[in-house]
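Step one of this worksheet: look at the structure below.
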There are 2 protein chains.
Amino acid sequence: MDITAVNALPYEEFVNIFGNVVEKCPIIPAAVWTRRPFVSLNALETAIMEFIDALPESGKEGILRCHPDLAGRDLQIGTLTRESREEQTGAGMDALSPKEALRMAHLNEEYKKRFDFPFVICARMNDKANILQQLSERCQNPRAVERTRGVEEVKKICRLRLQGLVLTDPLNKL
Amino acid sequence: MDITAVNALPYEEFVNIFGNVVEKCPIIPAAVWTRRPFVSLNALETAIMEFIDALPESGKEGILRCHPDLAGRDLQIGTLTRESREEQTGAGMDALSPKEALRMAHLNEEYKKRFDFPFVICARMNDKANILQQLSERCQNPRAVERTRGVEEVKKICRLRLQGLVLTDPLNKL
């Protein structure tokens, strides 16, 4: 689908297709639909980022709290969204050793206890070892730093999900 | 569950329980969790209403666009949220005559074509005849009036969903 096809979508189809580009936040694409037509995928992405940036801090924390733990309960019992499942399994979150799994669980709990939102990282841009290391390091950050960092990761995840849905190669528009 | 129990919930359980008090917008309860402890159900409700009111107009339209049609495709194919299904069936949306169903479908399309968001009404406060009449009448309103009206209905729906989850009788707190 190219951006011309995106712009031609009725809101219902748009929300169906883009509803999870920010995890469990269909309100975000549903809101930016108002700003179509988009001149490019980049313009659609920018509209989403601007909507997120304009939210109050509580709203940004709300976005983070809509995210599942990495290698957490939702992965174990099969209740992840399709996008999260693919991203987590791609990063090896379903193939942790017992020792890694225990460490991940402990660090997730520590992180959530400290910040009141989950550790969010773009799994497709990291591997298992890197995720564990960053989780451990980021547990030490101040809360405001982690809120900002978490939202940056949400945007990276969103960007990759969008690129999976809309053609970006200019050749495809010819 | 009384408000003391609500205040004791970790964010994950809070979002699980209250995630659909605004249809498909878990970001909203996930955001207002930041404002706990709530002195009463009313305070929780107020926090949600204030979060909605503070959204830009596009965000309010986004909330409306997360709502299903009344007696629409999601009801027919079984993809409504539990809350919506109970509310729609309670108002007789699954028991329309062929003539009523046709009229509802036509008016829903007319409404969406005119406003670019769906007709939202608190089904639990209306019956079949009333819903059809209001849908027909509201199709004639200016867009800004309908956006405001739709959000008012979202709040009524939210209030009733909250009351179904949290005890309101002060006697229960003794």
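Following the order of the structure tokens, chains are lettered A, B, ..., residues in each are numbered from 1, and ligands are numbered from 1.
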
So that I can check the secondary structure, give me every residue of stretch 3-171 of chain A assigned alpha helix (DSSP H) by backbone DSSP, as number ranges by chain. A: 3-7, 11-18, 27-32, 41-54, 57-65, 73-77, 82-90, 98-115, 128-138, 143-165

Keeping C-alpha atoms, export the residues of the selection given above as a compact mmCIF listing (two decimals), in the first residue's frame.
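Once written, selection33.txt looks like this:
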# COMPACT_ATOMS: atom_id res chain seq x y z
CA ILE A 3 0.52 6.74 0.70
CA THR A 4 -2.10 7.51 -1.98
CA ALA A 5 -3.93 4.33 -1.04
CA VAL A 6 -3.57 5.24 2.66
CA ASN A 7 -5.15 8.64 2.03
CA TYR A 11 -11.44 6.04 8.81
CA GLU A 12 -12.68 2.58 9.79
CA GLU A 13 -10.21 0.79 7.54
CA PHE A 14 -7.45 3.22 8.48
CA VAL A 15 -8.00 2.49 12.18
CA ASN A 16 -8.19 -1.25 11.49
CA ILE A 17 -4.90 -1.22 9.62
CA PHE A 18 -2.93 1.31 11.70
CA ILE A 27 -6.95 6.48 19.50
CA ILE A 28 -3.66 7.85 18.11
CA PRO A 29 -4.05 6.83 14.45
CA ALA A 30 -7.79 7.50 14.80
CA ALA A 31 -6.93 11.06 15.83
CA VAL A 32 -4.33 11.77 13.15
CA LEU A 41 4.73 8.07 4.96
CA ASN A 42 7.02 10.49 6.71
CA ALA A 43 4.17 12.99 7.07
CA LEU A 44 1.92 10.34 8.61
CA GLU A 45 4.70 9.37 10.98
CA THR A 46 5.29 13.02 11.92
CA ALA A 47 1.57 13.50 12.64
CA ILE A 48 1.65 10.54 15.03
CA MET A 49 4.81 11.76 16.76
CA GLU A 50 3.36 15.25 17.16
CA PHE A 51 0.18 13.85 18.67
CA ILE A 52 2.22 11.86 21.18
CA ASP A 53 4.44 14.86 22.01
CA ALA A 54 1.38 17.04 22.66
CA GLU A 57 3.06 13.62 30.83
CA SER A 58 0.35 11.39 32.29
CA GLY A 59 -0.75 10.53 28.74
CA LYS A 60 2.79 9.58 27.77
CA GLU A 61 2.98 7.35 30.85
CA GLY A 62 -0.40 5.95 29.78
CA ILE A 63 1.10 4.91 26.44
CA LEU A 64 3.96 3.15 28.23
CA ARG A 65 1.50 1.35 30.53
CA ARG A 73 3.10 -13.12 31.15
CA ASP A 74 1.44 -12.11 27.86
CA LEU A 75 4.16 -13.85 25.87
CA GLN A 76 3.88 -16.94 28.04
CA ILE A 77 0.09 -17.27 27.86
CA ARG A 82 0.38 -9.92 16.84
CA GLU A 83 2.91 -7.11 16.41
CA SER A 84 4.39 -7.52 19.90
CA ARG A 85 4.57 -11.29 19.54
CA GLU A 86 6.49 -11.04 16.28
CA GLU A 87 8.84 -8.41 17.68
CA GLN A 88 9.49 -10.25 20.94
CA THR A 89 10.06 -13.63 19.32
CA GLY A 90 12.27 -11.96 16.69
CA PRO A 98 16.11 -20.42 32.59
CA LYS A 99 18.79 -18.14 34.02
CA GLU A 100 18.08 -15.36 31.51
CA ALA A 101 14.35 -15.70 32.05
CA LEU A 102 14.76 -15.34 35.80
CA ARG A 103 17.01 -12.32 35.40
CA MET A 104 14.58 -10.71 32.96
CA ALA A 105 11.64 -11.30 35.32
CA HIS A 106 13.51 -9.82 38.28
CA LEU A 107 14.68 -6.78 36.36
CA ASN A 108 11.19 -6.18 34.89
CA GLU A 109 9.74 -6.18 38.39
CA GLU A 110 12.47 -3.88 39.68
CA TYR A 111 11.91 -1.49 36.76
CA LYS A 112 8.13 -1.40 37.23
CA LYS A 113 8.43 -0.96 40.98
CA ARG A 114 10.78 1.98 40.46
CA PHE A 115 8.97 3.74 37.60
CA LYS A 128 18.62 -10.68 23.75
CA ALA A 129 21.93 -9.76 25.37
CA ASN A 130 21.52 -6.10 24.56
CA ILE A 131 17.96 -5.99 25.90
CA LEU A 132 19.02 -7.52 29.22
CA GLN A 133 21.93 -5.13 29.51
CA GLN A 134 19.84 -2.06 28.75
CA LEU A 135 17.07 -3.14 31.12
CA SER A 136 19.66 -3.48 33.86
CA GLU A 137 21.27 -0.11 33.10
CA ARG A 138 18.04 1.82 32.60
CA ARG A 143 12.15 8.59 36.41
CA ALA A 144 11.84 11.57 34.05
CA VAL A 145 14.73 10.26 31.96
CA GLU A 146 13.07 6.86 31.63
CA ARG A 147 9.70 8.35 30.71
CA THR A 148 11.35 10.27 27.89
CA ARG A 149 13.43 7.29 26.86
CA GLY A 150 10.43 4.95 26.90
CA VAL A 151 8.50 7.30 24.62
CA GLU A 152 11.49 7.46 22.25
CA GLU A 153 11.42 3.68 22.07
CA VAL A 154 7.64 3.76 21.43
CA LYS A 155 8.36 6.01 18.45
CA LYS A 156 11.02 3.65 17.08
CA ILE A 157 8.59 0.74 17.38
CA CYS A 158 5.89 2.82 15.68
CA ARG A 159 8.22 3.80 12.83
CA LEU A 160 9.06 0.17 12.06
CA ARG A 161 5.43 -0.90 12.29
CA LEU A 162 4.47 1.89 9.88
CA GLN A 163 7.23 0.87 7.47
CA GLY A 164 5.81 -2.64 7.51
CA LEU A 165 2.44 -1.28 6.39

Transformed chain B, reference chain A, full Cα set in order, as a PDB file with C-alpha atoms, in the first residue's frame:
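Written file, selection.pdb:
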ATOM      1  CA  MET B   1      -0.003   0.003  -0.002  1.00  0.00           C
ATOM      2  CA  ASP B   2       1.402   3.402  -0.918  1.00  0.00           C
ATOM      3  CA  ILE B   3       0.514   6.728   0.679  1.00  0.00           C
ATOM      4  CA  THR B   4      -2.106   7.490  -1.984  1.00  0.00           C
ATOM      5  CA  ALA B   5      -3.937   4.305  -1.053  1.00  0.00           C
ATOM      6  CA  VAL B   6      -3.578   5.221   2.635  1.00  0.00           C
ATOM      7  CA  ASN B   7      -5.165   8.618   2.018  1.00  0.00           C
ATOM      8  CA  ALA B   8      -8.097   6.969   0.246  1.00  0.00           C
ATOM      9  CA  LEU B   9      -8.973   4.739   3.230  1.00  0.00           C
ATOM     10  CA  PRO B  10     -12.196   5.444   5.136  1.00  0.00           C
ATOM     11  CA  TYR B  11     -11.443   6.029   8.811  1.00  0.00           C
ATOM     12  CA  GLU B  12     -12.678   2.570   9.794  1.00  0.00           C
ATOM     13  CA  GLU B  13     -10.211   0.779   7.549  1.00  0.00           C
ATOM     14  CA  PHE B  14      -7.452   3.213   8.477  1.00  0.00           C
ATOM     15  CA  VAL B  15      -8.000   2.485  12.190  1.00  0.00           C
ATOM     16  CA  ASN B  16      -8.192  -1.252  11.504  1.00  0.00           C
ATOM     17  CA  ILE B  17      -4.899  -1.227   9.622  1.00  0.00           C
ATOM     18  CA  PHE B  18      -2.925   1.302  11.688  1.00  0.00           C
ATOM     19  CA  GLY B  19      -4.666   0.786  15.046  1.00  0.00           C
ATOM     20  CA  ASN B  20      -1.680  -0.865  16.700  1.00  0.00           C
ATOM     21  CA  VAL B  21       1.237   1.152  15.322  1.00  0.00           C
ATOM     22  CA  VAL B  22       1.369   2.439  18.898  1.00  0.00           C
ATOM     23  CA  GLU B  23       0.667  -0.579  21.088  1.00  0.00           C
ATOM     24  CA  LYS B  24      -3.008  -0.754  22.122  1.00  0.00           C
ATOM     25  CA  CYS B  25      -3.520   2.946  21.334  1.00  0.00           C
ATOM     26  CA  PRO B  26      -5.871   3.037  18.309  1.00  0.00           C
ATOM     27  CA  ILE B  27      -6.956   6.492  19.484  1.00  0.00           C
ATOM     28  CA  ILE B  28      -3.658   7.847  18.099  1.00  0.00           C
ATOM     29  CA  PRO B  29      -4.056   6.824  14.427  1.00  0.00           C
ATOM     30  CA  ALA B  30      -7.800   7.487  14.779  1.00  0.00           C
ATOM     31  CA  ALA B  31      -6.929  11.051  15.815  1.00  0.00           C
ATOM     32  CA  VAL B  32      -4.314  11.748  13.133  1.00  0.00           C
ATOM     33  CA  TRP B  33      -6.656  10.477  10.404  1.00  0.00           C
ATOM     34  CA  THR B  34      -8.129  13.987  10.732  1.00  0.00           C
ATOM     35  CA  ARG B  35      -4.901  15.365   9.259  1.00  0.00           C
ATOM     36  CA  ARG B  36      -4.967  13.425   5.997  1.00  0.00           C
ATOM     37  CA  PRO B  37      -4.101  13.652   3.157  1.00  0.00           C
ATOM     38  CA  PHE B  38      -0.520  12.798   4.039  1.00  0.00           C
ATOM     39  CA  VAL B  39       2.043  13.757   1.424  1.00  0.00           C
ATOM     40  CA  SER B  40       4.245  10.813   2.400  1.00  0.00           C
ATOM     41  CA  LEU B  41       4.733   8.044   4.943  1.00  0.00           C
ATOM     42  CA  ASN B  42       7.022  10.473   6.690  1.00  0.00           C
ATOM     43  CA  ALA B  43       4.169  12.977   7.048  1.00  0.00           C
ATOM     44  CA  LEU B  44       1.905  10.325   8.600  1.00  0.00           C
ATOM     45  CA  GLU B  45       4.699   9.361  10.972  1.00  0.00           C
ATOM     46  CA  THR B  46       5.274  12.997  11.897  1.00  0.00           C
ATOM     47  CA  ALA B  47       1.560  13.496  12.630  1.00  0.00           C
ATOM     48  CA  ILE B  48       1.635  10.537  15.015  1.00  0.00           C
ATOM     49  CA  MET B  49       4.815  11.755  16.740  1.00  0.00           C
ATOM     50  CA  GLU B  50       3.355  15.245  17.146  1.00  0.00           C
ATOM     51  CA  PHE B  51       0.177  13.846  18.655  1.00  0.00           C
ATOM     52  CA  ILE B  52       2.240  11.861  21.173  1.00  0.00           C
ATOM     53  CA  ASP B  53       4.457  14.850  21.985  1.00  0.00           C
ATOM     54  CA  ALA B  54       1.392  17.043  22.638  1.00  0.00           C
ATOM     55  CA  LEU B  55       0.006  14.653  25.270  1.00  0.00           C
ATOM     56  CA  PRO B  56       0.414  15.583  28.919  1.00  0.00           C
ATOM     57  CA  GLU B  57       3.064  13.617  30.809  1.00  0.00           C
ATOM     58  CA  SER B  58       0.346  11.388  32.267  1.00  0.00           C
ATOM     59  CA  GLY B  59      -0.753  10.534  28.721  1.00  0.00           C
ATOM     60  CA  LYS B  60       2.799   9.572  27.770  1.00  0.00           C
ATOM     61  CA  GLU B  61       2.981   7.351  30.848  1.00  0.00           C
ATOM     62  CA  GLY B  62      -0.398   5.950  29.775  1.00  0.00           C
ATOM     63  CA  ILE B  63       1.104   4.917  26.436  1.00  0.00           C
ATOM     64  CA  LEU B  64       3.963   3.160  28.215  1.00  0.00           C
ATOM     65  CA  ARG B  65       1.506   1.346  30.519  1.00  0.00           C
ATOM     66  CA  CYS B  66      -0.295  -0.065  27.469  1.00  0.00           C
ATOM     67  CA  HIS B  67       2.876  -2.014  26.633  1.00  0.00           C
ATOM     68  CA  PRO B  68       3.442  -5.607  27.737  1.00  0.00           C
ATOM     69  CA  ASP B  69       6.518  -6.772  29.628  1.00  0.00           C
ATOM     70  CA  LEU B  70       9.286  -8.243  27.510  1.00  0.00           C
ATOM     71  CA  ALA B  71       9.282 -12.035  27.963  1.00  0.00           C
ATOM     72  CA  GLY B  72       6.437 -11.536  30.406  1.00  0.00           C
ATOM     73  CA  ARG B  73       3.106 -13.120  31.174  1.00  0.00           C
ATOM     74  CA  ASP B  74       1.436 -12.115  27.885  1.00  0.00           C
ATOM     75  CA  LEU B  75       4.165 -13.847  25.882  1.00  0.00           C
ATOM     76  CA  GLN B  76       3.869 -16.949  28.065  1.00  0.00           C
ATOM     77  CA  ILE B  77       0.089 -17.269  27.887  1.00  0.00           C
ATOM     78  CA  GLY B  78      -0.281 -16.106  24.280  1.00  0.00           C
ATOM     79  CA  THR B  79      -2.094 -12.812  24.854  1.00  0.00           C
ATOM     80  CA  LEU B  80       0.370 -10.484  23.128  1.00  0.00           C
ATOM     81  CA  THR B  81      -0.811  -8.458  20.147  1.00  0.00           C
ATOM     82  CA  ARG B  82       0.405  -9.930  16.854  1.00  0.00           C
ATOM     83  CA  GLU B  83       2.919  -7.127  16.417  1.00  0.00           C
ATOM     84  CA  SER B  84       4.401  -7.534  19.894  1.00  0.00           C
ATOM     85  CA  ARG B  85       4.591 -11.302  19.558  1.00  0.00           C
ATOM     86  CA  GLU B  86       6.506 -11.047  16.296  1.00  0.00           C
ATOM     87  CA  GLU B  87       8.864  -8.420  17.694  1.00  0.00           C
ATOM     88  CA  GLN B  88       9.506 -10.258  20.962  1.00  0.00           C
ATOM     89  CA  THR B  89      10.062 -13.637  19.330  1.00  0.00           C
ATOM     90  CA  GLY B  90      12.282 -11.988  16.712  1.00  0.00           C
ATOM     91  CA  ALA B  91      14.510 -10.746  19.538  1.00  0.00           C
ATOM     92  CA  GLY B  92      14.602 -14.194  21.140  1.00  0.00           C
ATOM     93  CA  MET B  93      12.339 -13.348  24.081  1.00  0.00           C
ATOM     94  CA  ASP B  94      10.656 -16.752  23.718  1.00  0.00           C
ATOM     95  CA  ALA B  95      13.987 -18.557  23.822  1.00  0.00           C
ATOM     96  CA  LEU B  96      15.590 -17.355  27.042  1.00  0.00           C
ATOM     97  CA  SER B  97      17.564 -19.817  29.149  1.00  0.00           C
ATOM     98  CA  PRO B  98      16.092 -20.427  32.618  1.00  0.00           C
ATOM     99  CA  LYS B  99      18.777 -18.143  34.053  1.00  0.00           C
ATOM    100  CA  GLU B 100      18.075 -15.373  31.535  1.00  0.00           C
ATOM    101  CA  ALA B 101      14.332 -15.705  32.067  1.00  0.00           C
ATOM    102  CA  LEU B 102      14.767 -15.336  35.824  1.00  0.00           C
ATOM    103  CA  ARG B 103      16.998 -12.318  35.406  1.00  0.00           C
ATOM    104  CA  MET B 104      14.564 -10.708  32.968  1.00  0.00           C
ATOM    105  CA  ALA B 105      11.626 -11.293  35.319  1.00  0.00           C
ATOM    106  CA  HIS B 106      13.517  -9.830  38.285  1.00  0.00           C
ATOM    107  CA  LEU B 107      14.672  -6.768  36.354  1.00  0.00           C
ATOM    108  CA  ASN B 108      11.200  -6.173  34.878  1.00  0.00           C
ATOM    109  CA  GLU B 109       9.749  -6.158  38.392  1.00  0.00           C
ATOM    110  CA  GLU B 110      12.475  -3.870  39.675  1.00  0.00           C
ATOM    111  CA  TYR B 111      11.914  -1.491  36.771  1.00  0.00           C
ATOM    112  CA  LYS B 112       8.132  -1.389  37.225  1.00  0.00           C
ATOM    113  CA  LYS B 113       8.434  -0.952  40.979  1.00  0.00           C
ATOM    114  CA  ARG B 114      10.775   1.974  40.463  1.00  0.00           C
ATOM    115  CA  PHE B 115       8.966   3.743  37.602  1.00  0.00           C
ATOM    116  CA  ASP B 116       5.299   2.607  37.676  1.00  0.00           C
ATOM    117  CA  PHE B 117       5.412   1.799  33.984  1.00  0.00           C
ATOM    118  CA  PRO B 118       7.034  -1.059  32.064  1.00  0.00           C
ATOM    119  CA  PHE B 119      10.445  -1.173  30.408  1.00  0.00           C
ATOM    120  CA  VAL B 120       9.877  -0.356  26.733  1.00  0.00           C
ATOM    121  CA  ILE B 121      12.548  -0.961  24.108  1.00  0.00           C
ATOM    122  CA  CYS B 122      12.379  -1.457  20.361  1.00  0.00           C
ATOM    123  CA  ALA B 123      12.987  -5.220  20.309  1.00  0.00           C
ATOM    124  CA  ARG B 124      13.608  -5.277  16.557  1.00  0.00           C
ATOM    125  CA  MET B 125      16.628  -3.019  17.002  1.00  0.00           C
ATOM    126  CA  ASN B 126      18.138  -5.113  19.808  1.00  0.00           C
ATOM    127  CA  ASP B 127      19.093  -8.693  20.608  1.00  0.00           C
ATOM    128  CA  LYS B 128      18.612 -10.689  23.784  1.00  0.00           C
ATOM    129  CA  ALA B 129      21.928  -9.787  25.396  1.00  0.00           C
ATOM    130  CA  ASN B 130      21.515  -6.123  24.572  1.00  0.00           C
ATOM    131  CA  ILE B 131      17.968  -5.997  25.917  1.00  0.00           C
ATOM    132  CA  LEU B 132      19.020  -7.536  29.232  1.00  0.00           C
ATOM    133  CA  GLN B 133      21.926  -5.143  29.530  1.00  0.00           C
ATOM    134  CA  GLN B 134      19.835  -2.058  28.761  1.00  0.00           C
ATOM    135  CA  LEU B 135      17.087  -3.149  31.120  1.00  0.00           C
ATOM    136  CA  SER B 136      19.670  -3.484  33.876  1.00  0.00           C
ATOM    137  CA  GLU B 137      21.266  -0.116  33.102  1.00  0.00           C
ATOM    138  CA  ARG B 138      18.038   1.812  32.623  1.00  0.00           C
ATOM    139  CA  CYS B 139      16.766   0.668  36.035  1.00  0.00           C
ATOM    140  CA  GLN B 140      19.316   3.137  37.427  1.00  0.00           C
ATOM    141  CA  ASN B 141      18.012   6.207  35.567  1.00  0.00           C
ATOM    142  CA  PRO B 142      15.884   8.967  37.084  1.00  0.00           C
ATOM    143  CA  ARG B 143      12.163   8.580  36.415  1.00  0.00           C
ATOM    144  CA  ALA B 144      11.852  11.570  34.051  1.00  0.00           C
ATOM    145  CA  VAL B 145      14.741  10.253  31.961  1.00  0.00           C
ATOM    146  CA  GLU B 146      13.074   6.863  31.636  1.00  0.00           C
ATOM    147  CA  ARG B 147       9.708   8.352  30.719  1.00  0.00           C
ATOM    148  CA  THR B 148      11.349  10.272  27.884  1.00  0.00           C
ATOM    149  CA  ARG B 149      13.429   7.278  26.868  1.00  0.00           C
ATOM    150  CA  GLY B 150      10.417   4.956  26.905  1.00  0.00           C
ATOM    151  CA  VAL B 151       8.500   7.299  24.608  1.00  0.00           C
ATOM    152  CA  GLU B 152      11.498   7.450  22.246  1.00  0.00           C
ATOM    153  CA  GLU B 153      11.427   3.669  22.056  1.00  0.00           C
ATOM    154  CA  VAL B 154       7.651   3.744  21.421  1.00  0.00           C
ATOM    155  CA  LYS B 155       8.363   5.999  18.448  1.00  0.00           C
ATOM    156  CA  LYS B 156      11.036   3.639  17.087  1.00  0.00           C
ATOM    157  CA  ILE B 157       8.607   0.725  17.370  1.00  0.00           C
ATOM    158  CA  CYS B 158       5.898   2.814  15.675  1.00  0.00           C
ATOM    159  CA  ARG B 159       8.219   3.801  12.822  1.00  0.00           C
ATOM    160  CA  LEU B 160       9.072   0.173  12.051  1.00  0.00           C
ATOM    161  CA  ARG B 161       5.437  -0.916  12.279  1.00  0.00           C
ATOM    162  CA  LEU B 162       4.483   1.879   9.864  1.00  0.00           C
ATOM    163  CA  GLN B 163       7.236   0.861   7.463  1.00  0.00           C
ATOM    164  CA  GLY B 164       5.799  -2.647   7.507  1.00  0.00           C
ATOM    165  CA  LEU B 165       2.438  -1.284   6.381  1.00  0.00           C
ATOM    166  CA  VAL B 166       3.236   1.489   3.895  1.00  0.00           C
ATOM    167  CA  LEU B 167       5.607   1.340   0.950  1.00  0.00           C
ATOM    168  CA  THR B 168       8.497   3.732   1.403  1.00  0.00           C
ATOM    169  CA  ASP B 169      10.409   3.194  -1.838  1.00  0.00           C
ATOM    170  CA  PRO B 170       9.750   6.230  -4.056  1.00  0.00           C
ATOM    171  CA  LEU B 171       9.931   3.880  -7.054  1.00  0.00           C
ATOM    172  CA  ASN B 172       6.664   2.376  -5.889  1.00  0.00           C
ATOM    173  CA  LYS B 173       4.927   5.650  -6.441  1.00  0.00           C
ATOM    174  CA  LEU B 174       5.810   5.841 -10.130  1.00  0.00           C
TER     175      LEU B 174
END
